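All remarks here apply to the structure that follows.
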Amino acid sequence: MMDLSTTIDAETLLAVDVGSVHTRASLFDVVDNQYRLVATGRALSTATTPLLDIGEGVRMALEQIQTITGRRLLDESEGLIMPSTSEGAGVDVFVATSSAGPRLRAILVGLMPGVSLDSGRRLAEATYLEVVDEIGLSDRRRDEEQIDLILAARPDLILIVGGTDGGANASVLRLVESVALAAGIRPGNPAPRILFAGNRQLGAAIVERFGDQASVALAPNVRPGFEGEDLTPARNRLAEVIAEMHSAKVSGFDELRQWSGGTLMLSADAFGRVIRHLSQIYDPRKGVLGVDIGASHTTIAAGFAGDLHLSVRSDLGLGAPLPSLLRYSSMDSILRWLPTDIPEDVARDYIFNKSLQPATVPMELDELHLEFALARQVLQTALAQARAGWPKDRNAGGIPWLPPMEPILAGGGVLSRAPRPGYAALALLDALQPGGITTLVLDPHSLAPALGAAAAVLPMVTVHVLESGSFVSLGTVVSPIGGGRPGRAVARIKLEREGTSPLEGEVRLGQLVVLPLGPGESGKLSIRPERGFNVGFGAPGKAGAMRVTGGAVGVIIDARGRPLALPKDAGRRRELNQKWLYDIGALQ
Amino acid sequence: MKANYLPPVSHVMPLTIVRRDRTLPIAGTVTARLNERVQAVDVIAEAETAPRHVFLDLARGLGLPAKDAPSYLVRQKGDRVEMGDTIAGPVGVARRTVRAPADGRIVAVDGSRVLFEVRGEPIVMRAGMPAMVVSSDGTQTVTLETTAGLVQGIWGNGRMDFGVMRTLGSGPAARIQTDMLDINLRGAVLIGGMCDQPAPLHQATELNVRGIVLGSITSDLIPVALRLTYPLIITEGFGSLPMNSAAYGLLTGHVGHDAAVDARPGDRYSYQRPEVIIPLPTNRQTDVPDDVIQLAPGVRVRVLRAPFHGAVGIVRDLPLKAADYPSGLLARSAAIEIEGLGNRLIPLANLEVIQ
């Protein structure tokens with residue numbers, strides 16, 4: 001056990017995450033020499049009108065923690081008490097993350113498709129930007145048309161990439177010329193922010209070209225050499241610029257920055273940091289997947305032995321952007337997940353109403369089913385796009401089910417509202433369709449961003465809390481890969497648990513089976529697959545055994561097939577969805 | 001006791017001070033004067049639509065090397081010119097000249113290239129309601145103030161107009177039909193219940209109505225609504241939702257009065273909401289509406305989700321204990337006395353204050 005006296009002398013950590021709909025606060029303290037989650041508070045975010053000031057929402061969330069713990073966090077002037085006092089008030093460390101703020105429209109300017117433009121696109125897609133257009137060297141539009149499109153688009157940010165360090169100068173400067181001219185003739189409206197993440201030798205020239213017409217931020221080159229791409233340094237700078245832009249529209253961020261000693265991370269970046277960390281400690285042959293379905297964004301973070309691939313979709317979320325889902329998915333592809341008959345027009349009305357009132361919650365069961373059907377489709381759509389950017393050797397040739405991942409960490413308000421753990425588990429299995437063996441872990445308190453932000457200051461918090469049970473393990477999932485007629489035998493399974501007789505039986509294709517193994521329990525799971533089925537031990541037909549720990553659902557054998565094929569007949573499909581909800585314990 | 005919870009607020013107020021910004025989409029010129037009283041149709045600012053740009057290649061036009069061409073420029077950055085005016089030249093025996101291709105201005109000179117801005121189409125911004133001009137930035141935004149009845153909606157199609165209010169149909173739940181739309185409604189602002197067919201909306205176009213305010217339309221009508229030439233506002237949402245009693249009572253109680261219908265879509269990061277403003281001159285002391293109202297017993301609220309979507313009621317209690325619902329949700333709730341339905345528990349997240 002690490003001796004905490006050799007680390008930073010800090011016993012209490014307070015983390016705040018400001019979302020577009022909710023602001024969450026989490027208090028961590030040292031209990032039995034380990035950092036533990038002590039209390040959480042949640043309030044409606046006040047980033048939007050009428051206040052346009054996150055401070056009130058932060059204070060309400062902190063007041064909840066004060067009420068629960070009896071620990072005073074705020075002084076008479078509503079400032080944070082730091083460091084903690086001998087009377088037990090205040091905290092030692094404060095970290096903050098945010099995803100709140102208006103949608104930022106961006107134009108991407110780069111040299112070559114397939115090279116700098118692709119890197120720039122990946123950079124933009126990893127954060128809270130909506131790229132409305134791209135301009136490249138091979139753009140067919142004339143210079144003046146490019147100027148007109150920049151003026152008409154009225155972007156908040158122009159992201160310029162291109163040129164390896166020490167490489168092409170003239171081409172990059174020529175591209176910048178149209179942007180600079182457009183920035184100079186944008187009368188009366190604020191000029192867009194410029195972020196240059198290209199040939200670093202051009203930084204000074206670019207700043208000079210824009211002069212006082214636009215504020216230019218410089219970031220390390222996303223492609224310092226022709227072969228390699230390095231997005232992380234540029235991502236950090238871009239996050240700072242985005243945070244500044246949000247602060248210009250919404251007050252209160254400066255106070256959080258001050259309380260956190262100058263660091264305020266974007267929630268997606270902090271979330272990605274946790275996934276990267278997990279990918280460095282879990283089996284390097286598998287990836288680690290993190291998904292977060294928010295009201296305004298959906299984040300997909302995949303870590304492969306320390307290599308993070310982050311995707312943030314600002315056009316996919318279960319609140320204001322919800323109607324955008326219909327650009328990518330038909331109503332049929334949403335309704336297919338329902339266990340009850342909800343007419344298409346009712347579902348469509350729901351989508352548009354939810355976008356107008358994103359903070360509302362389902363009171364009736366049908367609305368819950370609809371909300372989770374939408375969550376499945378949002379997640380599946382976001383994942384498909386994110387996978388396009390994963391390394392080829394990790395994407396398993398683009399198979400329609402998820403390549404090996406362990407664990408899968410899932411967060412977001414909708415999942416934390418699941419009435420029973422099985423409800424969340426089934427939604428994740430339907431949307432992500434993992435193959436082989438994995439563990440589903442739920443983050444019901446949205447702790448992952450907090451831990452990602454805290455990792456730089458108190459690295460042990462992340463380690464301790466991840467091990468502590470503040471995250472909810474839903475259970476180990478075994479998803480056999482293979483084909484055949486429904487009802488065909490897939491595998492023989494045996495679960496041995498201490499103190500009880502073993503459970504064993506045969507699983508057939510089409511079945512969803514849950515073996516009881518609760519939180520804190522462990523056992524030995526042996527699987528003998530039938531010929532042609534790969535259950536995750538390396539090859540089709542290969543049997544194996546493994547130690548498994550329990551979860552809120554249990555050990556889940558998802559033999560419904562990969563890819564999941566739902567019946568074409570709507571009635572039969574609803575029956576099957578209903579049956580699976582019962583099988584996984586989502587309904588009583 | 002209060003809930004330490006800040007719900008969203010919608011205004012349905014018989015009389016209040018309404019202060020609104022009118023903003024050009026692009027910088028131009030504010031023509032209204034401070035403290036001027038304006039009418040709905042008065043132009044208060046004007047600008048040109050987003051212009052387009054053309055690069056004039058002086059070297060090619062004058063038949064000179066690129067390094068020599070700039071010395072023949074006879075204009076400078078910022079100069080306004082008319083179509084045909086000389087930009088550069090004349091050069092040589094042939095007196096080659098580069099001329100303005102249209103009315104516009106020189107916005108940049110880049111070596112031997114001149115960036116020319118072709119003048120856009122003029123646009124005007126009207127007051128939209130009778131009011132006083134209380135402030136302006138001179139180029140883009142004018143702030144107007146009046147005393148008025150105010151009804152805020154939840155969605156609008158982006159248009160704005162002004163006209164006399166008339167009722168359409170027999171109540172807040174009435175579905176509007178084409179046979180309700182007759183010649184007597186020409187040029188009016190129509191107040192109705194619900195719409196689930198495009199035909200009445202098109203019929204209203206034929207009658208040159210100045211706006212329609214409904215409780216709801218079905219979401220499949222959104223593309224139709226966005227193409228209408230008159231403003232359309234819904235107060236409750238999408239589907240078959242009657243207009244809430246507070247809004248319907250206030251609007252129909254002023255039938256025959258003028259109303260400004262501003263159907264701008266809502267934006268959570270600015271203060272704009274679709275709304276109906278009924279100018280009502282008064283000597284009474286009035287105030288601006290409250291934007292921040294804590295939930296507490298006695299506060300009037302509206303329900304935002306099924307099963308009581310659109311219902312209006314009064315907060316009677318704020319239990320400390322979370323309530324559970326058929327969806328399996330456990331949520332902090334309020335006991336609401338709903339008009340015509342009695343007491344119901346509603347999650348705080350599904351409530352909006354109606355002031």
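The chains in the structure tokens are called A, B, ... from first to last as shown; in each chain the residues are counted from 1, and the ligands are counted from 1 in the order shown.
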Out of region 359-498 of chain A, which residues get helix (DSSP H, G or I) from DSSP, as a PyMOL selection string?
chain A and resi 365-387+392-394+396-398+413-416+421-432+448-454+459-468
Go through chain A and flag each residue having an atom no more than 8 Å from chain B; for those, report the closest pair of atoms plus their distance in Å to one decimal, using only C-alpha atoms, ordered by chain and rising number, as a Markdown table.
| residue | atom | partner | partner_atom | distance |
| --- | --- | --- | --- | --- |
| A:Ala43 | CA | B:Tyr5 | CA | 7.4 |
| A:Leu44 | CA | B:Leu6 | CA | 7.2 |
| A:Ala47 | CA | B:Tyr269 | CA | 7.8 |
| A:Thr48 | CA | B:Tyr269 | CA | 5.0 |
| A:Thr49 | CA | B:Arg268 | CA | 5.8 |
| A:Pro50 | CA | B:Asp291 | CA | 5.8 |
| A:Leu51 | CA | B:Val292 | CA | 7.9 |
| A:Leu52 | CA | B:Tyr269 | CA | 6.9 |
| A:Met60 | CA | B:Asn4 | CA | 7.1 |
| A:Gly101 | CA | B:Tyr269 | CA | 7.8 |
| A:Pro102 | CA | B:Tyr269 | CA | 6.3 |
| A:Asp143 | CA | B:Phe55 | CA | 7.9 |
| A:Glu144 | CA | B:His53 | CA | 5.5 |
| A:Glu145 | CA | B:His53 | CA | 7.3 |
| A:Ile147 | CA | B:His53 | CA | 7.4 |
| A:Asp148 | CA | B:Arg52 | CA | 5.9 |
| A:Leu151 | CA | B:Ala50 | CA | 7.7 |
| A:Ala152 | CA | B:Ala50 | CA | 6.9 |
| A:Leu181 | CA | B:Ala108 | CA | 7.4 |
| A:Ile185 | CA | B:Val107 | CA | 6.8 |
| A:Pro187 | CA | B:Ala27 | CA | 6.3 |
| A:Gly188 | CA | B:Ala27 | CA | 5.0 |
| A:Asn189 | CA | B:Ala27 | CA | 7.0 |
| A:Lys249 | CA | B:Tyr269 | CA | 7.8 |
| A:Asp345 | CA | B:Asp220 | CA | 7.7 |
| A:Val346 | CA | B:Gly239 | CA | 7.1 |
| A:Arg348 | CA | B:Ser219 | CA | 6.6 |
| A:Asp349 | CA | B:Ser219 | CA | 5.3 |
| A:Tyr350 | CA | B:Phe238 | CA | 7.6 |
| A:Phe352 | CA | B:Phe238 | CA | 6.8 |
| A:Asn353 | CA | B:Gly237 | CA | 5.9 |
| A:Leu356 | CA | B:Ile154 | CA | 7.3 |
| A:Gln357 | CA | B:Leu304 | CA | 7.5 |
| A:Ala359 | CA | B:Ala349 | CA | 6.1 |
| A:Thr360 | CA | B:Asn350 | CA | 4.9 |
| A:Val361 | CA | B:Ala349 | CA | 6.5 |
| A:Pro362 | CA | B:Ser327 | CA | 6.5 |
| A:Met363 | CA | B:Ser327 | CA | 5.3 |
| A:Glu364 | CA | B:Ser327 | CA | 4.6 |
| A:Leu365 | CA | B:Ser327 | CA | 4.0 |
| A:Asp366 | CA | B:Ser327 | CA | 7.5 |
| A:Glu367 | CA | B:Ser327 | CA | 7.6 |
| A:Leu368 | CA | B:Ser327 | CA | 5.9 |
| A:Arg417 | CA | B:Leu329 | CA | 6.6 |
| A:Ala418 | CA | B:Leu329 | CA | 7.5 |
| A:Pro419 | CA | B:Gly328 | CA | 4.6 |
| A:Arg420 | CA | B:Gly328 | CA | 7.8 |
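CA of Ile206 (chain A) is positioned 20.7 Å from CA of Val115 (chain A).
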Distance query Asp68 (chain B) at most 10 Å, only C-alpha atoms, self and fewer than 2 positions along chain excluded, as a ChimeraX atom specification
/B:58-59,62-66,70-72,111-112
I need the chosen residues saved as a PDB file, in the first residue's frame, with C-alpha atoms.
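part.pdb written:
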ATOM      1  CA  LEU B  58      -4.744  44.014 -62.444  1.00  0.00           C
ATOM      2  CA  ALA B  59      -1.781  42.419 -64.252  1.00  0.00           C
ATOM      3  CA  LEU B  62      -3.737  45.954 -67.821  1.00  0.00           C
ATOM      4  CA  GLY B  63      -1.465  43.604 -69.757  1.00  0.00           C
ATOM      5  CA  LEU B  64       1.454  44.296 -67.433  1.00  0.00           C
ATOM      6  CA  PRO B  65       3.836  42.222 -65.324  1.00  0.00           C
ATOM      7  CA  ALA B  66       2.495  41.595 -61.846  1.00  0.00           C
ATOM      8  CA  PRO B  70      -0.118  48.013 -58.687  1.00  0.00           C
ATOM      9  CA  SER B  71       1.394  51.360 -59.619  1.00  0.00           C
ATOM     10  CA  TYR B  72      -1.570  51.995 -61.950  1.00  0.00           C
ATOM     11  CA  GLY B 111      -0.135  42.728 -54.731  1.00  0.00           C
ATOM     12  CA  SER B 112      -1.581  42.895 -58.222  1.00  0.00           C
TER      13      SER B 112
END
Shell of 7 Å around region 176-180 of chain A, only C-alpha atoms, local chain residues under 3 positions omitted, as a PyMOL selection string
chain A and resi 143+146-147+172-173+183-184+209-210
Write out as JSON, numbers by chain each polymer residue whose atoms come within 8 Å of region 379-392 of chain A, counting only C-alpha atoms; drop sequence neighbours fewer than 4 positions from it.
{"A": [122, 291, 293, 298, 299, 300, 302, 309, 310, 311, 313, 316, 328, 329, 375, 396, 397, 398, 431, 432]}
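Of note, CA of Ser501 (chain A) and CA of Ala545 (chain A) are spaced 17.1 Å apart.
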Tell me, as number ranges by chain, which residues lie within 9 Å of region 214-230 of chain A, counting only C-alpha atoms; anything in the same chain fewer than 3 positions away does not count.
A: 115-116, 119-120, 123, 161-167, 180, 183-184, 190-200, 203, 206-207, 210-211, 233-238, 241
Those same residues, written as a compact mmCIF listing (two decimals), in the first residue's frame with N, CA and C atoms?
# COMPACT_ATOMS: atom_id res chain seq x y z
N VAL A 115 -3.97 13.63 -45.71
CA VAL A 115 -2.79 13.92 -44.87
C VAL A 115 -3.21 14.97 -43.84
N SER A 116 -2.84 16.25 -44.07
CA SER A 116 -3.11 17.25 -43.03
C SER A 116 -4.61 17.44 -42.79
N SER A 119 -5.85 14.74 -40.53
CA SER A 119 -5.39 14.95 -39.15
C SER A 119 -6.17 16.09 -38.50
N GLY A 120 -6.38 17.16 -39.26
CA GLY A 120 -7.15 18.28 -38.73
C GLY A 120 -8.58 17.87 -38.40
N LEU A 123 -8.58 15.94 -35.24
CA LEU A 123 -8.40 16.86 -34.12
C LEU A 123 -9.74 17.53 -33.78
N VAL A 161 -4.34 23.74 -40.54
CA VAL A 161 -3.29 22.74 -40.41
C VAL A 161 -2.57 22.65 -41.76
N GLY A 162 -1.40 22.03 -41.72
CA GLY A 162 -0.74 21.83 -43.00
C GLY A 162 0.75 22.13 -42.93
N GLY A 163 1.49 21.36 -43.72
CA GLY A 163 2.94 21.54 -43.77
C GLY A 163 3.62 20.81 -42.63
N THR A 164 4.58 19.95 -42.97
CA THR A 164 5.39 19.34 -41.92
C THR A 164 6.37 20.39 -41.41
N ASP A 165 6.87 20.19 -40.21
CA ASP A 165 7.83 21.15 -39.66
C ASP A 165 9.05 21.25 -40.59
N GLY A 166 9.30 22.45 -41.06
CA GLY A 166 10.41 22.63 -42.00
C GLY A 166 10.03 22.34 -43.43
N GLY A 167 8.77 22.02 -43.68
CA GLY A 167 8.34 21.65 -45.03
C GLY A 167 7.68 22.80 -45.77
N ALA A 180 -7.30 35.06 -44.09
CA ALA A 180 -6.95 36.37 -43.53
C ALA A 180 -7.77 37.48 -44.18
N ALA A 183 -11.19 37.36 -42.71
CA ALA A 183 -11.20 37.86 -41.33
C ALA A 183 -11.16 39.38 -41.33
N GLY A 184 -10.49 39.95 -42.33
CA GLY A 184 -10.34 41.40 -42.37
C GLY A 184 -11.58 42.12 -42.87
N PRO A 190 -17.91 39.71 -34.60
CA PRO A 190 -16.61 39.33 -34.05
C PRO A 190 -15.87 38.43 -35.02
N ALA A 191 -14.58 38.68 -35.17
CA ALA A 191 -13.77 37.85 -36.04
C ALA A 191 -13.64 36.46 -35.43
N PRO A 192 -13.50 35.43 -36.27
CA PRO A 192 -13.33 34.10 -35.70
C PRO A 192 -11.97 33.98 -35.02
N ARG A 193 -11.87 33.10 -34.02
CA ARG A 193 -10.56 32.75 -33.47
C ARG A 193 -9.85 31.88 -34.50
N ILE A 194 -8.56 32.01 -34.54
CA ILE A 194 -7.76 31.20 -35.44
C ILE A 194 -6.87 30.29 -34.59
N LEU A 195 -6.82 29.02 -34.95
CA LEU A 195 -5.85 28.12 -34.32
C LEU A 195 -5.02 27.52 -35.43
N PHE A 196 -3.71 27.75 -35.37
CA PHE A 196 -2.81 27.20 -36.38
C PHE A 196 -2.04 26.04 -35.76
N ALA A 197 -2.19 24.87 -36.37
CA ALA A 197 -1.50 23.67 -35.86
C ALA A 197 -0.77 22.99 -37.02
N GLY A 198 -0.01 23.80 -37.76
CA GLY A 198 0.74 23.28 -38.90
C GLY A 198 2.22 23.51 -38.73
N ASN A 199 2.92 23.66 -39.85
CA ASN A 199 4.37 23.87 -39.89
C ASN A 199 4.77 24.95 -38.89
N ARG A 200 5.48 24.54 -37.84
CA ARG A 200 5.71 25.49 -36.76
C ARG A 200 6.61 26.65 -37.16
N GLY A 203 4.61 29.90 -37.75
CA GLY A 203 3.78 30.48 -36.70
C GLY A 203 3.86 32.00 -36.68
N ILE A 206 2.21 33.70 -39.64
CA ILE A 206 0.75 33.62 -39.61
C ILE A 206 0.20 34.66 -38.64
N VAL A 207 0.81 34.77 -37.49
CA VAL A 207 0.36 35.78 -36.52
C VAL A 207 0.46 37.16 -37.14
N PHE A 210 -2.33 37.92 -39.83
CA PHE A 210 -3.65 38.27 -39.31
C PHE A 210 -3.62 39.60 -38.56
N GLY A 211 -2.47 39.95 -38.01
CA GLY A 211 -2.34 41.23 -37.32
C GLY A 211 -3.38 41.39 -36.25
N PRO A 233 -0.67 17.28 -28.32
CA PRO A 233 -0.32 18.65 -27.94
C PRO A 233 -1.29 19.67 -28.53
N ALA A 234 -1.67 19.46 -29.80
CA ALA A 234 -2.61 20.40 -30.43
C ALA A 234 -3.97 20.32 -29.76
N ARG A 235 -4.37 19.13 -29.36
CA ARG A 235 -5.66 18.96 -28.70
C ARG A 235 -5.69 19.76 -27.40
N ASN A 236 -4.60 19.73 -26.66
CA ASN A 236 -4.54 20.47 -25.40
C ASN A 236 -4.70 21.97 -25.64
N ARG A 237 -4.03 22.47 -26.68
CA ARG A 237 -4.12 23.91 -26.96
C ARG A 237 -5.52 24.25 -27.44
N LEU A 238 -6.08 23.38 -28.29
CA LEU A 238 -7.44 23.61 -28.79
C LEU A 238 -8.44 23.62 -27.64
N VAL A 241 -8.37 26.97 -26.07
CA VAL A 241 -9.05 27.98 -26.88
C VAL A 241 -10.56 27.83 -26.76
Please run DSSP on the backbone and report, as a list in words, all residues within region 465-517 of chain A that come out as strand (DSSP E or B).
Val472, Ser473, Leu474, Gly475, Thr476, Val477, Val478, Ser479, Ile481, Ala489, Val490, Ala491, Arg492, Ile493, Lys494, Leu495, Glu496, Arg497, Leu503, Glu504, Gly505, Glu506, Val507, Arg508, Gln511, Leu512, Val513, Val514 and Leu515 of chain A
Dump N, CA and C atoms for the selected residues as a JSON list (two decimals), in the first residue's frame?
[["chain", "number", "residue", "atom", "x", "y", "z"],
["A", 472, "VAL", "N", -20.02, 1.00, -11.18],
["A", 472, "VAL", "CA", -20.85, -0.19, -11.00],
["A", 472, "VAL", "C", -20.50, -1.20, -12.08],
["A", 473, "SER", "N", -19.91, -2.32, -11.66],
["A", 473, "SER", "CA", -19.67, -3.37, -12.65],
["A", 473, "SER", "C", -21.00, -4.05, -12.93],
["A", 474, "LEU", "N", -21.42, -4.04, -14.17],
["A", 474, "LEU", "CA", -22.65, -4.73, -14.53],
["A", 474, "LEU", "C", -22.41, -6.23, -14.64],
["A", 475, "GLY", "N", -21.18, -6.58, -14.99],
["A", 475, "GLY", "CA", -20.86, -8.00, -15.04],
["A", 475, "GLY", "C", -19.99, -8.34, -16.23],
["A", 476, "THR", "N", -19.50, -9.59, -16.22],
["A", 476, "THR", "CA", -18.74, -10.10, -17.36],
["A", 476, "THR", "C", -19.72, -10.51, -18.44],
["A", 477, "VAL", "N", -19.37, -10.18, -19.69],
["A", 477, "VAL", "CA", -20.22, -10.53, -20.82],
["A", 477, "VAL", "C", -19.44, -11.46, -21.74],
["A", 478, "VAL", "N", -20.06, -12.55, -22.13],
["A", 478, "VAL", "CA", -19.48, -13.45, -23.12],
["A", 478, "VAL", "C", -20.39, -13.41, -24.34],
["A", 479, "SER", "N", -19.86, -12.99, -25.48],
["A", 479, "SER", "CA", -20.66, -12.87, -26.71],
["A", 479, "SER", "C", -20.04, -13.77, -27.77],
["A", 481, "ILE", "N", -19.13, -15.52, -31.17],
["A", 481, "ILE", "CA", -19.19, -15.11, -32.57],
["A", 481, "ILE", "C", -19.32, -16.36, -33.41],
["A", 489, "ALA", "N", -27.04, -25.15, -30.90],
["A", 489, "ALA", "CA", -26.19, -25.13, -29.70],
["A", 489, "ALA", "C", -24.96, -24.28, -29.96],
["A", 490, "VAL", "N", -24.64, -23.41, -29.00],
["A", 490, "VAL", "CA", -23.51, -22.51, -29.15],
["A", 490, "VAL", "C", -22.36, -22.93, -28.25],
["A", 491, "ALA", "N", -22.69, -23.25, -26.98],
["A", 491, "ALA", "CA", -21.60, -23.58, -26.04],
["A", 491, "ALA", "C", -22.20, -24.26, -24.81],
["A", 492, "ARG", "N", -21.34, -24.99, -24.13],
["A", 492, "ARG", "CA", -21.68, -25.49, -22.80],
["A", 492, "ARG", "C", -20.94, -24.61, -21.80],
["A", 493, "ILE", "N", -21.65, -24.17, -20.79],
["A", 493, "ILE", "CA", -21.02, -23.29, -19.82],
["A", 493, "ILE", "C", -21.18, -23.88, -18.42],
["A", 494, "LYS", "N", -20.20, -23.50, -17.58],
["A", 494, "LYS", "CA", -20.25, -23.97, -16.19],
["A", 494, "LYS", "C", -19.69, -22.86, -15.32],
["A", 495, "LEU", "N", -20.47, -22.48, -14.32],
["A", 495, "LEU", "CA", -20.02, -21.45, -13.39],
["A", 495, "LEU", "C", -19.88, -22.07, -12.01],
["A", 496, "GLU", "N", -18.67, -22.03, -11.50],
["A", 496, "GLU", "CA", -18.41, -22.59, -10.16],
["A", 496, "GLU", "C", -18.22, -21.44, -9.19],
["A", 497, "ARG", "N", -19.03, -21.47, -8.14],
["A", 497, "ARG", "CA", -18.94, -20.43, -7.12],
["A", 497, "ARG", "C", -18.73, -21.09, -5.77],
["A", 503, "LEU", "N", -23.27, -24.09, -11.51],
["A", 503, "LEU", "CA", -24.37, -23.93, -12.47],
["A", 503, "LEU", "C", -23.83, -24.34, -13.82],
["A", 504, "GLU", "N", -24.50, -25.23, -14.50],
["A", 504, "GLU", "CA", -24.04, -25.54, -15.85],
["A", 504, "GLU", "C", -25.22, -25.82, -16.76],
["A", 505, "GLY", "N", -24.93, -25.65, -18.04],
["A", 505, "GLY", "CA", -25.99, -25.87, -19.02],
["A", 505, "GLY", "C", -25.51, -25.52, -20.41],
["A", 506, "GLU", "N", -26.44, -25.61, -21.34],
["A", 506, "GLU", "CA", -26.12, -25.36, -22.73],
["A", 506, "GLU", "C", -26.78, -24.05, -23.15],
["A", 507, "VAL", "N", -26.04, -23.27, -23.91],
["A", 507, "VAL", "CA", -26.59, -22.02, -24.43],
["A", 507, "VAL", "C", -26.83, -22.19, -25.93],
["A", 508, "ARG", "N", -27.97, -21.69, -26.36],
["A", 508, "ARG", "CA", -28.32, -21.84, -27.79],
["A", 508, "ARG", "C", -28.35, -20.49, -28.47],
["A", 511, "GLN", "N", -30.24, -16.93, -27.58],
["A", 511, "GLN", "CA", -30.52, -16.77, -26.15],
["A", 511, "GLN", "C", -29.71, -15.66, -25.51],
["A", 512, "LEU", "N", -30.30, -15.09, -24.48],
["A", 512, "LEU", "CA", -29.61, -14.15, -23.62],
["A", 512, "LEU", "C", -29.75, -14.73, -22.21],
["A", 513, "VAL", "N", -28.64, -15.14, -21.64],
["A", 513, "VAL", "CA", -28.67, -15.87, -20.37],
["A", 513, "VAL", "C", -27.90, -15.09, -19.33],
["A", 514, "VAL", "N", -28.44, -15.01, -18.14],
["A", 514, "VAL", "CA", -27.73, -14.35, -17.03],
["A", 514, "VAL", "C", -27.48, -15.37, -15.94],
["A", 515, "LEU", "N", -26.22, -15.54, -15.57],
["A", 515, "LEU", "CA", -25.84, -16.42, -14.47],
["A", 515, "LEU", "C", -25.66, -15.56, -13.22]]
Write out as a PyMOL selection string the residues lying within 7 Å of region 275-284 of chain B, counting only C-alpha atoms and excluding same-chain residues fewer than 5 positions away.
chain B and resi 130+146-153+258-263
Writing out the chosen residues with C-alpha atoms as a PDB file, in the first residue's frame:
ATOM      1  CA  PRO B 130     -45.061  49.915 -31.421  1.00  0.00           C
ATOM      2  CA  THR B 146     -43.057  48.919 -24.501  1.00  0.00           C
ATOM      3  CA  THR B 147     -45.683  47.884 -21.976  1.00  0.00           C
ATOM      4  CA  ALA B 148     -47.541  44.849 -23.191  1.00  0.00           C
ATOM      5  CA  GLY B 149     -49.144  41.527 -22.553  1.00  0.00           C
ATOM      6  CA  LEU B 150     -46.597  38.793 -23.167  1.00  0.00           C
ATOM      7  CA  VAL B 151     -47.017  35.133 -24.130  1.00  0.00           C
ATOM      8  CA  GLN B 152     -43.859  33.115 -24.711  1.00  0.00           C
ATOM      9  CA  GLY B 153     -43.824  30.003 -26.823  1.00  0.00           C
ATOM     10  CA  ASP B 258     -52.866  44.279 -32.323  1.00  0.00           C
ATOM     11  CA  ALA B 259     -50.116  41.819 -31.530  1.00  0.00           C
ATOM     12  CA  ALA B 260     -46.518  41.397 -32.587  1.00  0.00           C
ATOM     13  CA  VAL B 261     -45.675  37.807 -33.403  1.00  0.00           C
ATOM     14  CA  ASP B 262     -41.957  37.131 -33.206  1.00  0.00           C
ATOM     15  CA  ALA B 263     -41.397  33.489 -34.091  1.00  0.00           C
TER      16      ALA B 263
END
Nearest candidate to Thr69 (chain A) (options A:Thr549, A:Ser26, A:Thr438, A:Ser98; using only C-alpha atoms)
A:Ser26
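Of the listed residues (A:Ala320, A:Ala424, A:Leu27, A:Leu104), A:Leu27 comes nearest to Ala15 (chain A); the distances count only C-alpha atoms.
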In terms of the shortest atom-to-atom distance over only C-alpha atoms, which of A:Met460, A:Leu318, A:Ala586, A:Met546 is closest to Arg36 (chain A)?
A:Met460
With only C-alpha atoms counted and 12 Å as the cut-off, give the residues of region 440-538 of chain A in contact with region 270-289 of chain A, each with its shortest interatomic distance in Å and the pair that gives it, as CSV.
residue,atom,partner,partner_atom,distance
A:Leu440,CA,A:Leu289,CA,9.8
A:Val441,CA,A:Leu289,CA,10.3
A:Leu442,CA,A:Leu289,CA,11.9
A:Asp443,CA,A:Phe271,CA,11.2
A:Ser446,CA,A:Phe271,CA,9.5
A:Leu447,CA,A:Phe271,CA,8.9
A:Ala448,CA,A:Phe271,CA,5.5
A:Pro449,CA,A:Phe271,CA,4.5
A:Ala450,CA,A:Ala270,CA,7.2
A:Leu451,CA,A:Val274,CA,6.9
A:Gly452,CA,A:Ala270,CA,4.3
A:Ala453,CA,A:Ala270,CA,5.3
A:Ala454,CA,A:Ala270,CA,8.7
A:Ala455,CA,A:Val274,CA,8.2
A:Ala456,CA,A:Arg273,CA,9.8
A:Pro459,CA,A:His277,CA,10.4
A:Val461,CA,A:Val274,CA,11.5
A:Thr462,CA,A:Val274,CA,8.0
A:Val463,CA,A:Leu278,CA,9.5
A:Val465,CA,A:Val274,CA,11.6
A:Leu466,CA,A:Leu278,CA,9.5
A:Glu467,CA,A:Leu278,CA,11.5
A:Gly536,CA,A:Lys286,CA,11.0
A:Gly538,CA,A:Arg285,CA,11.3
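Note that the spacing between CA of Leu168 (chain B) and CA of Tyr230 (chain B) amounts to 15.9 Å.
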